[in-house]
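Here is the structure we will look at, set down as C-alpha cells.
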Amino acid sequence: MSRIKEISATDLRRLLEDQDHFELLDIRTSAEISRGVLPNALTLPMHLVPLKLSYFAESPRQIVIYCRTGSRSAQVCRFLNQQGINNVISLRGGLVKWAAAGHPLHPEPRGALN
C-alpha cells in the first residue's frame with residue numbers, strides 16, 4: 001500500500017504563515033467542529049467525501065485534511081489517492097497535536113463544502 005502525504009502541526013503552522021496555497025478541510029462531525037477549527041478551514045463530514053470527488057480533483061491547491069487525531073484524515077487521503085487524487089495531505093496527529101503545540105483554534109469555520 002502506498003504511503004499518503006502527511007504534514008506535522010508545526011510544519012503546517014509555518015507554511016500557513018508564509019503561503020496561502022493550501023486549503024484546510026475539517027472532516028469531523030458537527031459536534032466536534034463546534035469545539036473549534038483551524039484558522040480559515042472549510043468543513044465537510046467524512047461520509048460526504050465520496051460525493052465531492054470533483055472538488056478534490058479540480059482544486060488547484062494542496063488540500064490539508066484533518067480530524068481529531070489524524071486517523072480519519074489518513075483514511076480519507078488514502079481513499080482519495082486510490083481515486084487518482086494526489087493533492088491531499090493528512091495533518092499528522094490532527095487537532096490533538098495542533099492544540100498540544102499551542103497553535104490557535106478558531107470558533108467558526110470559513111464555511112462548508114456543499
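Each chain in the C-alpha cells gets a letter, A, B and so on, in the order shown; residues start at 1 in every chain, and ligands are counted from 1 in the order they appear.
Here the residues within chain A that DSSP labels strand (DSSP E) on the basis of the backbone are Glu6, Ile7, Phe22, Glu23, Leu24, Leu25, Asp26, Leu42, Thr43, Gln62, Ile63, Val64, Ile65, Tyr66, Val88, Ile89, Ser90, Leu91, Gly111 and Ala112 of chain A.
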Write the residues of the selection above to a file with C-alpha atoms, as a PDB file, in the first residue's frame.
ATOM      1  CA  GLU A   6       1.346  13.889   5.830  1.00  0.00           C
ATOM      2  CA  ILE A   7       2.344  17.146   7.475  1.00  0.00           C
ATOM      3  CA  PHE A  22      -3.196  25.365   0.954  1.00  0.00           C
ATOM      4  CA  GLU A  23      -6.864  24.640   1.546  1.00  0.00           C
ATOM      5  CA  LEU A  24      -7.773  23.368   5.019  1.00  0.00           C
ATOM      6  CA  LEU A  25     -10.592  20.850   5.232  1.00  0.00           C
ATOM      7  CA  ASP A  26     -12.084  19.635   8.517  1.00  0.00           C
ATOM      8  CA  LEU A  42     -13.759  24.587   5.362  1.00  0.00           C
ATOM      9  CA  THR A  43     -15.815  21.664   6.649  1.00  0.00           C
ATOM     10  CA  GLN A  62      -2.943  21.321  -1.951  1.00  0.00           C
ATOM     11  CA  ILE A  63      -5.718  20.286   0.453  1.00  0.00           C
ATOM     12  CA  VAL A  64      -4.744  19.575   4.039  1.00  0.00           C
ATOM     13  CA  ILE A  65      -7.375  17.292   5.527  1.00  0.00           C
ATOM     14  CA  TYR A  66      -7.688  16.976   9.265  1.00  0.00           C
ATOM     15  CA  VAL A  88      -4.275  15.876  -0.448  1.00  0.00           C
ATOM     16  CA  ILE A  89      -2.220  15.857   2.746  1.00  0.00           C
ATOM     17  CA  SER A  90      -3.226  14.500   6.150  1.00  0.00           C
ATOM     18  CA  LEU A  91      -2.473  16.512   9.288  1.00  0.00           C
ATOM     19  CA  GLY A 111     -17.685  27.706   5.560  1.00  0.00           C
ATOM     20  CA  ALA A 112     -18.868  24.298   4.453  1.00  0.00           C
TER      21      ALA A 112
END
Practice item. Show which residues sit within 12 Å of range 101-105 of chain A, as a VMD selection string. Count only C-alpha atoms, and ignore same-chain residues fewer than 2 positions away. Key: chain A and resid 8 to 14 16 to 17 33 to 41 93 to 99 107 to 109
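Our summary of the geometry notes that CA of Ile4 in chain A is positioned 6.1 Å from CA of Arg78 in chain A.
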Review point. Suppose you want the space between CA of Asn86 in chain A and CA of Asn114 in chain A; what is it in Å?
Key: 21.4 Å
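Atom pair CA of Lys52 in chain A / CA of Asp18 in chain A: separated by 28.3 Å.
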Point to revise | Residues within 7 Å of Arg28 in chain A, only C-alpha atoms, excluding chain neighbours under 5 positions, as a ChimeraX atom specification | key: /A:33,45-46,67
For all heavy atoms, I'd like the residues from the last selection saved as a CSV table (one decimal), in the first residue's frame.
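What landed in result-v6.csv:
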chain,number,residue,atom,x,y,z
A,33,ILE,N,-16.8,19.9,15.4
A,33,ILE,CA,-16.4,21.2,14.8
A,33,ILE,C,-16.8,22.4,15.8
A,33,ILE,O,-16.1,23.4,15.8
A,33,ILE,CB,-17.1,21.4,13.4
A,33,ILE,CG1,-16.4,20.5,12.5
A,33,ILE,CG2,-17.1,22.8,13.0
A,33,ILE,CD1,-17.1,20.3,11.2
A,45,PRO,N,-18.2,16.7,6.3
A,45,PRO,CA,-18.3,15.5,7.0
A,45,PRO,C,-17.6,14.4,6.2
A,45,PRO,O,-17.8,14.3,5.0
A,45,PRO,CB,-19.7,15.2,7.3
A,45,PRO,CG,-20.4,16.6,7.2
A,45,PRO,CD,-19.6,17.3,6.1
A,46,MET,N,-16.9,13.5,6.9
A,46,MET,CA,-16.1,12.5,6.3
A,46,MET,C,-17.0,11.6,5.3
A,46,MET,O,-16.6,11.3,4.2
A,46,MET,CB,-15.5,11.6,7.3
A,46,MET,CG,-14.7,10.4,6.8
A,46,MET,SD,-14.0,9.5,8.2
A,46,MET,CE,-13.2,8.1,7.3
A,67,CYS,N,-8.7,15.8,11.1
A,67,CYS,CA,-9.7,15.4,12.0
A,67,CYS,C,-9.2,15.6,13.4
A,67,CYS,O,-8.3,16.4,13.7
A,67,CYS,CB,-10.1,13.9,11.7
A,67,CYS,SG,-8.7,12.8,11.9
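Those residues that approach Gln83 in chain A to within 10 Å, counting only C-alpha atoms, are Pro50, Leu53, Ala57 and Cys77 of chain A; same-chain residues fewer than 6 positions away are not listed.
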Exercise for review: Mind the document's chain letters and residue numbers, and return as JSON, numbers by chain the residues of range 38-86 of chain A that DSSP labels helix (DSSP H, G or I).
Suggested key: {"A": [46, 47, 48, 49, 50, 51, 52, 53, 54, 55, 56, 57, 58, 71, 72, 73, 74, 75, 76, 77, 78, 79, 80, 81, 82]}
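Across A:Leu113, A:Ala74, A:Ala100, A:Leu44, the tightest approach to Lys5 in chain A is made by A:Ala74 when counting only C-alpha atoms.
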